[in-house]
file entry_13.cif (mmCIF, C-alpha atoms)
data_upload
#
loop_
_atom_site.label_atom_id
_atom_site.label_comp_id
_atom_site.auth_asym_id
_atom_site.auth_seq_id
_atom_site.Cartn_x
_atom_site.Cartn_y
_atom_site.Cartn_z
CA MET A 1 110.91 -98.27 42.85
CA LYS A 2 108.47 -98.82 40.01
CA VAL A 3 105.10 -97.25 40.80
CA THR A 4 101.99 -98.01 38.73
CA LEU A 5 99.05 -95.62 38.86
CA ARG A 6 95.61 -96.01 37.26
CA ASN A 7 92.93 -93.88 35.63
CA PRO A 8 94.85 -93.26 33.43
CA ARG A 9 97.33 -96.13 33.74
CA ARG A 10 100.95 -94.95 33.93
CA GLU A 11 104.26 -95.96 35.48
CA LEU A 12 106.77 -93.84 37.40
CA GLU A 13 110.27 -94.50 38.76
CA ILE A 14 110.65 -93.04 42.26
CA PRO A 15 113.77 -93.40 44.44
CA GLY A 16 113.35 -95.45 47.62
CA PRO A 17 113.24 -96.37 50.36
CA LEU A 18 110.10 -94.49 51.33
CA THR A 19 107.18 -95.13 53.63
CA VAL A 20 103.78 -95.52 51.96
CA VAL A 21 102.54 -92.31 53.51
CA ALA A 22 105.60 -90.41 52.23
CA LEU A 23 105.15 -91.84 48.73
CA LEU A 24 101.49 -90.79 48.66
CA ALA A 25 102.39 -87.31 49.91
CA GLN A 26 105.05 -87.02 47.18
CA LEU A 27 102.44 -87.93 44.57
CA ASP A 28 99.80 -85.69 46.19
CA VAL A 29 97.42 -88.65 46.55
CA SER A 30 94.92 -88.82 49.41
CA PRO A 31 95.57 -91.97 51.51
CA GLU A 32 91.80 -92.36 51.86
CA SER A 33 91.37 -92.68 48.08
CA VAL A 34 93.73 -95.57 47.27
CA LEU A 35 94.99 -99.03 48.17
CA VAL A 36 98.74 -99.61 48.03
CA ILE A 37 99.73 -103.06 46.75
CA VAL A 38 103.28 -104.44 46.68
CA GLY A 39 103.47 -107.57 44.57
CA ASP A 40 100.15 -109.18 45.48
CA GLU A 41 100.05 -107.90 49.06
CA LEU A 42 98.21 -104.98 50.57
CA VAL A 43 100.42 -102.78 52.75
CA THR A 44 99.56 -100.33 55.52
CA HIS A 45 100.46 -96.64 55.49
CA ASP A 46 103.49 -97.09 57.75
CA ALA A 47 105.07 -99.81 55.58
CA LYS A 48 108.53 -99.05 54.17
CA LEU A 49 108.93 -99.51 50.41
CA SER A 50 112.36 -100.56 49.19
CA ASP A 51 114.10 -99.04 46.19
CA ASP A 52 113.45 -102.17 44.09
CA ALA A 53 109.79 -102.59 45.07
CA GLU A 54 107.03 -102.83 42.45
CA VAL A 55 104.14 -100.82 43.81
CA GLU A 56 100.58 -100.40 42.53
CA ILE A 57 98.58 -97.44 43.73
CA ARG A 58 95.01 -98.50 43.03
CA PRO A 59 92.22 -95.90 43.19
CA VAL A 60 89.14 -96.92 45.13
CA ILE A 61 86.86 -94.01 44.29
CA SER A 62 84.06 -94.80 41.90
CA GLY A 63 81.70 -92.22 40.57
CA GLY A 64 79.03 -94.30 38.96
CA CYS A 65 75.77 -95.12 40.59
CA ILE A 66 73.78 -98.30 40.97
CA MET B 67 101.10 -101.81 62.16
CA LYS B 68 99.64 -104.69 64.14
CA CYS B 69 96.20 -106.25 63.83
CA ARG B 70 93.89 -104.83 66.47
CA VAL B 71 92.57 -108.32 67.22
CA CYS B 72 95.48 -110.80 67.04
CA LYS B 73 98.51 -108.41 67.05
CA GLY B 74 99.84 -110.12 63.90
CA PRO B 75 101.07 -108.08 60.89
CA ALA B 76 98.28 -105.86 59.53
CA VAL B 77 97.37 -105.54 55.84
CA LEU B 78 95.00 -102.57 56.08
CA ASP B 79 94.56 -99.62 58.39
CA VAL B 80 91.10 -98.14 58.87
CA ARG B 81 91.70 -94.69 60.32
CA ARG B 82 88.00 -94.10 60.99
CA HIS B 83 88.17 -96.91 63.55
CA ASN B 84 91.73 -96.05 64.62
CA ALA B 85 92.51 -99.69 63.86
CA ALA B 86 94.41 -102.01 61.55
CA PHE B 87 93.62 -105.62 60.72
CA CYS B 88 95.33 -108.74 59.41
CA ARG B 89 93.70 -110.47 56.42
CA ASP B 90 91.43 -112.81 58.34
CA HIS B 91 90.28 -110.27 60.90
CA PHE B 92 89.71 -107.64 58.21
CA LEU B 93 87.44 -110.02 56.27
CA HIS B 94 85.61 -110.77 59.51
CA HIS B 95 85.33 -107.01 60.17
CA CYS B 96 83.64 -106.50 56.77
CA GLU B 97 81.15 -109.31 57.27
CA GLU B 98 80.42 -108.12 60.80
CA GLN B 99 79.77 -104.55 59.64
CA VAL B 100 77.31 -105.82 57.02
CA ARG B 101 75.62 -108.10 59.54
CA ARG B 102 75.29 -105.19 62.00
CA GLY B 103 73.94 -102.85 59.33
CA ILE B 104 71.31 -105.39 58.24
CA HIS B 105 70.26 -105.89 61.87
CA GLN B 106 70.42 -102.21 62.88
CA TYR B 107 68.20 -101.01 60.04
CA LYS B 108 66.08 -104.18 59.69
CA MET B 109 67.10 -104.55 56.05
CA LEU B 110 66.51 -108.26 55.55
CA ALA B 111 64.48 -110.94 57.26
CA PRO B 112 65.31 -114.66 57.27
CA GLY B 113 64.03 -116.44 54.17
CA GLU B 114 63.60 -113.33 52.06
CA ARG B 115 64.74 -113.45 48.44
CA VAL B 116 67.32 -110.76 47.68
CA LEU B 117 68.22 -109.41 44.24
CA VAL B 118 71.72 -107.89 44.27
CA ALA B 119 72.43 -105.24 41.65
CA VAL B 120 75.87 -106.21 40.32
CA SER B 121 77.93 -104.01 38.01
CA GLY B 122 81.33 -105.74 37.91
CA GLY B 123 82.75 -103.13 40.29
CA LYS B 124 84.19 -103.76 43.73
CA ASP B 125 81.19 -102.76 45.81
CA SER B 126 78.50 -104.86 44.18
CA LEU B 127 80.66 -107.97 43.86
CA ALA B 128 81.80 -107.66 47.47
CA LEU B 129 78.18 -107.18 48.56
CA TRP B 130 77.02 -110.29 46.73
CA ASP B 131 79.94 -112.28 48.14
CA ILE B 132 79.24 -111.18 51.74
CA LEU B 133 75.48 -111.80 51.52
CA VAL B 134 76.10 -115.31 50.19
CA ARG B 135 78.61 -115.97 52.99
CA LEU B 136 76.11 -114.70 55.56
CA GLY B 137 73.63 -117.26 54.24
CA TYR B 138 71.14 -115.05 52.42
CA GLU B 139 69.19 -116.26 49.40
CA ALA B 140 70.89 -113.67 47.18
CA ASP B 141 70.85 -113.71 43.38
CA GLY B 142 72.51 -111.16 41.10
CA LEU B 143 71.25 -108.94 38.31
CA TYR B 144 73.69 -107.46 35.81
CA LEU B 145 72.48 -104.64 33.60
CA GLY B 146 74.43 -104.14 30.34
CA LEU B 147 74.53 -100.39 29.81
CA GLY B 148 75.92 -100.33 26.26
CA ILE B 149 78.95 -98.20 27.18
CA GLY B 150 81.28 -99.83 24.62
CA ASP B 151 84.30 -101.79 25.88
CA TYR B 152 83.69 -100.62 29.44
CA SER B 153 80.37 -102.45 29.60
CA ASP B 154 81.81 -105.52 27.86
CA VAL B 155 84.65 -105.77 30.38
CA SER B 156 82.33 -105.10 33.34
CA GLY B 157 80.05 -107.93 32.27
CA GLU B 158 83.05 -110.26 31.94
CA TYR B 159 84.08 -109.50 35.54
CA VAL B 160 80.60 -110.47 36.74
CA GLN B 161 80.64 -113.69 34.73
CA ALA B 162 84.13 -114.52 36.00
CA TYR B 163 83.06 -113.97 39.61
CA VAL B 164 80.08 -116.28 39.18
CA ARG B 165 82.25 -118.93 37.52
CA ASP B 166 85.37 -118.72 39.71
CA HIS B 167 83.60 -118.44 43.06
CA GLY B 168 81.12 -121.26 42.50
CA ILE B 169 78.08 -118.99 42.85
CA GLU B 170 75.72 -121.15 40.80
CA ASP B 171 77.07 -124.32 42.42
CA HIS B 172 75.79 -122.90 45.73
CA GLY B 173 72.31 -122.35 44.31
CA HIS B 174 72.55 -118.66 43.44
CA LYS B 175 71.61 -117.26 40.05
CA LEU B 176 72.79 -114.43 37.82
CA HIS B 177 70.16 -112.59 35.77
CA THR B 178 71.26 -110.31 32.95
CA ILE B 179 69.48 -107.55 31.08
CA ASP B 180 70.96 -105.76 28.06
CA LEU B 181 69.61 -102.24 27.86
CA ALA B 182 70.26 -101.86 24.13
CA ASP B 183 68.90 -105.28 23.12
CA GLU B 184 65.81 -105.24 25.33
CA TYR B 185 64.94 -101.56 25.59
CA GLY B 186 66.36 -100.10 22.38
CA MET B 187 68.93 -97.74 23.90
CA GLY B 188 72.32 -97.69 25.56
CA ILE B 189 73.37 -95.00 28.03
CA PRO B 190 75.40 -93.01 25.42
CA GLU B 191 72.33 -92.75 23.16
CA ALA B 192 70.09 -91.86 26.09
CA ALA B 193 72.46 -89.11 27.23
CA ALA B 194 72.75 -87.72 23.72
CA ALA B 195 68.98 -87.68 23.24
CA THR B 196 68.36 -85.78 26.47
CA HIS B 197 71.42 -83.48 26.25
CA ARG B 198 71.99 -84.24 29.93
CA ALA B 199 74.78 -85.83 31.96
CA PRO B 200 74.92 -89.60 31.26
CA CYS B 201 74.89 -90.45 34.99
CA GLY B 202 71.30 -89.19 35.19
CA ALA B 203 70.03 -91.51 32.44
CA CYS B 204 72.11 -94.35 33.90
CA GLY B 205 70.76 -93.99 37.44
CA LEU B 206 67.20 -93.61 36.17
CA SER B 207 67.48 -96.76 34.04
CA LYS B 208 69.03 -98.78 36.86
CA ARG B 209 66.41 -97.79 39.44
CA HIS B 210 63.58 -98.58 37.03
CA LEU B 211 64.91 -101.90 35.73
CA PHE B 212 66.17 -103.33 39.04
CA ASN B 213 62.79 -102.64 40.61
CA ARG B 214 60.92 -104.08 37.64
CA ALA B 215 63.09 -107.22 37.56
CA ALA B 216 62.61 -107.78 41.29
CA LEU B 217 58.83 -107.54 40.93
CA GLU B 218 58.75 -109.81 37.87
CA HIS B 219 60.95 -112.49 39.45
CA GLY B 220 59.35 -112.42 42.89
CA TYR B 221 62.19 -110.96 44.95
CA ASP B 222 61.36 -109.27 48.25
CA VAL B 223 64.16 -106.74 48.16
CA VAL B 224 66.81 -105.15 45.93
CA ALA B 225 70.25 -104.75 47.54
CA THR B 226 72.69 -102.23 46.09
CA GLY B 227 76.39 -101.70 46.72
CA HIS B 228 76.13 -98.13 47.97
CA ASN B 229 78.84 -97.76 50.61
CA LEU B 230 79.53 -95.15 53.27
CA ASP B 231 81.44 -92.93 50.82
CA ASP B 232 78.65 -93.08 48.22
CA GLU B 233 76.00 -92.22 50.77
CA ALA B 234 78.00 -89.39 52.34
CA ALA B 235 78.62 -87.90 48.87
CA VAL B 236 74.94 -88.17 47.91
CA LEU B 237 74.00 -86.56 51.23
CA LEU B 238 76.40 -83.68 50.63
CA GLY B 239 74.86 -83.12 47.18
CA ASN B 240 71.32 -83.27 48.55
CA VAL B 241 72.18 -80.83 51.35
CA LEU B 242 73.93 -78.40 49.00
CA ARG B 243 70.70 -78.23 46.96
CA TRP B 244 68.43 -78.67 50.04
CA ASP B 245 66.52 -81.23 48.05
CA VAL B 246 64.00 -82.21 50.72
CA GLY B 247 62.42 -85.00 48.67
CA TYR B 248 65.74 -86.79 48.19
CA LEU B 249 66.71 -86.12 51.83
CA GLY B 250 63.48 -87.79 52.92
CA ARG B 251 64.32 -90.87 50.86
CA GLN B 252 68.01 -91.06 51.80
CA HIS B 253 68.21 -93.91 54.28
CA PRO B 254 69.86 -97.36 54.37
CA VAL B 255 66.37 -98.81 53.82
CA LEU B 256 63.72 -97.54 51.43
CA PRO B 257 60.54 -99.42 52.43
CA ALA B 258 58.37 -101.26 49.95
CA ALA B 259 55.37 -99.36 48.58
CA PRO B 260 52.80 -100.08 45.86
CA GLY B 261 54.85 -100.77 42.72
CA PHE B 262 58.17 -100.72 44.60
CA VAL B 263 60.09 -103.50 46.31
CA ARG B 264 62.16 -102.62 49.38
CA LYS B 265 65.65 -101.28 48.60
CA VAL B 266 68.53 -101.78 51.02
CA LYS B 267 72.18 -100.72 51.23
CA PRO B 268 73.98 -103.29 53.40
CA LEU B 269 77.45 -101.74 52.81
CA VAL B 270 76.52 -98.44 54.42
CA ARG B 271 78.83 -99.06 57.40
CA LEU B 272 81.88 -99.72 55.16
CA GLY B 273 83.98 -97.28 53.12
CA GLU B 274 84.94 -97.87 49.52
CA ARG B 275 88.61 -98.38 50.45
CA GLU B 276 87.47 -101.26 52.64
CA MET B 277 85.40 -102.73 49.81
CA ALA B 278 88.34 -102.60 47.38
CA ALA B 279 90.53 -104.27 50.01
CA TYR B 280 87.87 -106.92 50.60
CA CYS B 281 87.92 -107.85 46.89
CA VAL B 282 91.73 -107.96 46.74
CA LEU B 283 91.92 -110.18 49.84
CA ARG B 284 89.13 -112.50 48.66
CA GLY B 285 90.65 -112.82 45.18
CA ILE B 286 87.67 -111.15 43.51
CA ASP B 287 88.75 -109.46 40.25
CA TYR B 288 86.73 -106.35 39.50
CA GLN B 289 86.52 -103.43 37.10
CA VAL B 290 89.12 -100.97 38.47
CA GLU B 291 88.84 -98.48 35.63
CA GLU B 292 86.40 -95.63 36.10
CA CYS B 293 83.34 -95.46 33.86
CA PRO B 294 84.36 -93.23 30.90
CA MET B 295 81.02 -91.42 31.12
CA ALA B 296 81.40 -90.54 34.83
CA GLU B 297 84.43 -88.31 34.32
CA GLY B 298 83.95 -84.93 35.94
CA ASN B 299 80.58 -85.75 37.49
CA ARG B 300 79.49 -83.93 40.62
CA HIS B 301 79.47 -87.07 42.71
CA LEU B 302 83.24 -87.51 42.25
CA GLY B 303 83.78 -83.88 43.25
CA TYR B 304 81.81 -84.37 46.46
CA LYS B 305 83.92 -87.44 47.29
CA GLU B 306 87.13 -85.45 46.82
CA VAL B 307 85.88 -82.79 49.22
CA LEU B 308 84.82 -85.37 51.81
CA ASN B 309 88.11 -87.28 51.54
CA SER B 310 90.01 -84.05 52.09
CA LEU B 311 88.05 -83.61 55.34
CA GLU B 312 88.58 -87.27 56.23
CA ASP B 313 92.36 -86.96 55.81
CA ARG B 314 92.37 -84.09 58.32
CA SER B 315 89.79 -85.61 60.65
CA PRO B 316 89.21 -89.37 60.36
CA GLY B 317 85.61 -90.32 60.98
CA SER B 318 84.15 -87.14 59.46
CA LYS B 319 82.26 -88.97 56.70
CA ALA B 320 80.70 -91.46 59.09
CA ALA B 321 79.74 -88.70 61.54
CA PHE B 322 78.15 -86.68 58.72
CA LEU B 323 76.16 -89.59 57.31
CA PHE B 324 75.05 -91.36 60.48
CA GLY B 325 74.30 -88.06 62.23
CA PHE B 326 71.85 -87.39 59.41
CA VAL B 327 70.37 -90.90 59.44
CA GLU B 328 69.85 -90.81 63.22
CA ARG B 329 68.89 -87.17 63.79
CA GLY B 330 68.09 -85.53 60.46
CA HIS B 331 66.32 -87.98 58.17
CA GLU B 332 63.07 -88.07 60.12
CA ARG B 333 62.59 -84.33 59.61
CA PHE B 334 62.32 -84.86 55.84
CA ALA B 335 60.48 -88.20 55.81
CA ASP B 336 57.01 -86.66 55.56
CA THR B 337 57.87 -84.87 52.33
CA ALA B 338 59.08 -88.11 50.77
CA ALA B 339 55.97 -89.96 51.96
CA GLU B 340 53.71 -87.27 50.47
CA GLU B 341 55.54 -87.55 47.13
CA ARG B 342 55.08 -91.32 47.15
CA ASP B 343 51.38 -91.04 48.01
CA GLU B 344 50.85 -88.97 44.86
CA LEU B 345 52.26 -91.61 42.50
CA ARG B 346 50.08 -93.43 39.97
CA GLU B 347 50.72 -96.04 37.29
CA CYS B 348 52.60 -95.17 34.11
CA THR B 349 50.18 -95.53 31.21
CA VAL B 350 52.89 -97.25 29.14
CA CYS B 351 54.62 -99.70 31.50
CA GLY B 352 52.65 -99.53 34.77
CA ALA B 353 55.55 -98.34 36.94
CA PRO B 354 54.79 -95.78 39.67
CA THR B 355 55.13 -92.21 38.42
CA PRO B 356 54.00 -88.71 39.40
CA GLY B 357 52.83 -88.04 35.82
CA GLU B 358 51.04 -89.91 33.07
CA VAL B 359 54.20 -91.57 31.75
CA CYS B 360 57.21 -92.58 33.84
CA ALA B 361 60.62 -91.01 33.26
CA PHE B 362 62.07 -94.26 31.90
CA CYS B 363 59.41 -94.57 29.18
CA ARG B 364 59.80 -90.89 28.32
CA LEU B 365 63.54 -91.47 28.02
CA ARG B 366 62.91 -94.37 25.64
CA GLU B 367 60.61 -92.17 23.61
CA ARG B 368 63.29 -89.47 23.30
CA VAL B 369 65.75 -92.04 21.99
CA GLY B 370 63.15 -93.27 19.50
CA ALA B 371 62.82 -96.74 21.05
CA ILE B 372 59.04 -96.37 21.59
CA GLU B 373 56.27 -94.03 20.53
CA ILE B 374 53.96 -92.39 23.04
CA PRO B 375 50.71 -90.70 21.90
CA VAL B 376 51.17 -86.92 21.78
CA ASP B 377 48.35 -86.24 24.25
CA ILE B 378 50.14 -88.01 27.10
CA SER B 379 53.79 -87.27 26.21
CA THR B 380 55.65 -84.88 28.52
CA PRO B 381 59.28 -83.69 28.66
CA VAL B 382 61.96 -85.89 30.21
CA ASP B 383 63.04 -84.70 33.65
CA ILE B 384 65.86 -86.86 34.90
CA SER B 385 68.29 -86.38 37.73
CA THR B 386 71.82 -85.46 36.62
CA GLY B 387 73.46 -87.31 39.49
CA PRO B 388 73.25 -90.48 41.49
CA ALA B 389 70.56 -89.22 43.84
CA GLU B 390 68.28 -91.55 45.70
CA GLY B 391 64.88 -92.27 44.42
#
call {"tool": "encode", "arguments": {"input": "entry_13.cif", "output": "structure tokens"}}
result
Amino acid sequence: MKVTLRNPRRELEIPGPLTVVALLAQLDVSPESVLVIVGDELVTHDAKLSDDAEVEIRPVISGGCI
Amino acid sequence: MKCRVCKGPAVLDVRRHNAAFCRDHFLHHCEEQVRRGIHQYKMLAPGERVLVAVSGGKDSLALWDILVRLGYEADGLYLGLGIGDYSDVSGEYVQAYVRDHGIEDHGHKLHTIDLADEYGMGIPEAAAATHRAPCGACGLSKRHLFNRAALEHGYDVVATGHNLDDEAAVLLGNVLRWDVGYLGRQHPVLPAAPGFVRKVKPLVRLGEREMAAYCVLRGIDYQVEECPMAEGNRHLGYKEVLNSLEDRSPGSKAAFLFGFVERGHERFADTAAEERDELRECTVCGAPTPGEVCAFCRLRERVGAIEIPVDISTPVDISTGPAEG
């Protein structure tokens, strides 16, 4: 599957199928710190990602202050 | 996963609530949490005019969107910080939200202030002049200018997009330093006082993952990239620590924050009240300050944007993090 990460933006190819939680563990990403988006849809941590999925792992942590 | 409410396919799990939601019930969950927070802490009264501090990020745009949907008279204020392309893009997200979501058609207004044009400094110049972390100059400028704009335009209250994660991280920082003044002011509502409008944080019952999901599901485009000047700041480090705890024990952040608000805050409130009682008017701009000249005017002086007579000029002492004040 094609996985897009941000901050900095980069793309990885990772073999599927995998569950979201397994993908995040493989990338050492805290599930609390990201949204996982397949196409235009949000997916839950138990969702299974196919080998041809296009996945965005979008960080949600912001450090600025208002 | 199934939606806790309708048992349809879920789009987001919220481990803190041991629940998952479909799109519609998640959006309802967000609005309900804001409504409960406003009621619980008496943040807003019917008919009050609210000024929402909007940055182009997920939290502030989601906050504005929810307040408008809940029927509040909520206008926005965008502050251009002069951080190169990052500020340009952030401002474009705010403009796009206003345009694409019919904000002005529904009677709401966007105010804008450009720090460099109107006050003679951007955040990079301010940070360079003080030799301090840029987040300190940024937070100081925002607090000063949002309050001033609210007073000038007759708003009753400033609402900011601080969420549960922000507040828990600020609390951790304040506890690590045992900063009793900041602890006394850390609350979802900072009451009005002479020279200050009330400040409220209606997103305090929602985490930042929920706010990002809210924007995605509502079709609100926002600035995903991190501020280039925030890299490595302490606030981000505190969030990493808290998220590590949250992964092991969901609900830890909420227990930490709301335990303090309900059982700890009162113990520090007197110190904060005493500090506020000692404030007087800045001799340059009239804002409340503990000295002769407020920190914002002293910052402008350091950058060279204004001159202050030598007999009343004092060193700049700004916070290096996003502490409350």
call {"tool": "interface_residues", "arguments": {"input": "entry_13.cif", "of": "chain B", "to": "chain A", "cutoff": "8 Å", "atoms": "all atoms listed in the file", "output": "PyMOL selection string"}}
result
chain B and resi 67+76-79+119+121+201+204-205+208-209+226-228+274-275+278-279+290-293+296-297+299+301-302+305+309-310+312-313+388
call {"tool": "resolve_selection", "arguments": {"input": "entry_13.cif", "expression": "the PyMOL selection byres ((chain B and resi 131) around 10)", "output": "MDAnalysis selection string"}}
result
chainID B and resid 97 125:130 132:136 140 163:164 167 169 280:281 284 286
call {"tool": "residues_around", "arguments": {"input": "entry_13.cif", "residues": "His253 (chain B)", "least_positions_apart": "5", "cutoff": "10 Å", "atoms": "only C-alpha atoms", "output": "count of residues only"}}
result
17
call {"tool": "atom_distance", "arguments": {"input": "entry_13.cif", "atom1": "CA of Glu11 (chain A)", "atom2": "CA of Asp51 (chain A)"}}
result
14.9 Å
call {"tool": "atom_distance", "arguments": {"input": "entry_13.cif", "atom1": "CA of Glu358 (chain B)", "atom2": "CA of Glu373 (chain B)"}}
result
14.2 Å
call {"tool": "residues_around", "arguments": {"input": "entry_13.cif", "residues": "Ala193 (chain B)", "least_positions_apart": "6", "cutoff": "7 Å", "atoms": "only C-alpha atoms", "output": "PDB file with C-alpha atoms, in the frame of the given file"}}
result
ATOM      1  CA  ALA B 199      74.780 -85.830  31.960  1.00  0.00           C
ATOM      2  CA  PRO B 200      74.920 -89.600  31.260  1.00  0.00           C
ATOM      3  CA  ALA B 203      70.030 -91.510  32.440  1.00  0.00           C
TER       4      ALA B 203
END
call {"tool": "residues_around", "arguments": {"input": "entry_13.cif", "residues": "region 239-246 of chain B", "least_positions_apart": "2", "cutoff": "8 Å", "atoms": "all atoms listed in the file", "output": "list of chain:residue names"}}
result
B:Ala235, B:Val236, B:Leu237, B:Tyr248, B:Leu249, B:Gly250, B:His301, B:Tyr304, B:Phe334, B:Thr337, B:Ala338, B:Ala389
call {"tool": "closest_residue", "arguments": {"input": "entry_13.cif", "among": "B:Ala225, B:Ala162, B:Leu147, B:Leu238", "to": "Glu191 (chain B)", "atoms": "all atoms listed in the file"}}
result
B:Leu147
call {"tool": "residues_around", "arguments": {"input": "entry_13.cif", "residues": "region 343-348 of chain B", "least_positions_apart": "5", "cutoff": "6 Å", "atoms": "all atoms listed in the file", "output": "PyMOL selection string"}}
result
chain B and resi 353-356+358-360
call {"tool": "closest_residue", "arguments": {"input": "entry_13.cif", "among": "B:Arg314, B:Arg271, B:His174, B:Lys319", "to": "Cys96 (chain B)", "atoms": "all atoms listed in the file"}}
result
B:Arg271
call {"tool": "residues_around", "arguments": {"input": "entry_13.cif", "residues": "Glu54 (chain A)", "least_positions_apart": "2", "cutoff": "8 Å", "atoms": "only C-alpha atoms", "output": "list in words"}}
result
Met1, Lys2, Val3, Thr4, Val38, Gly39, Asp52 and Glu56 of chain A
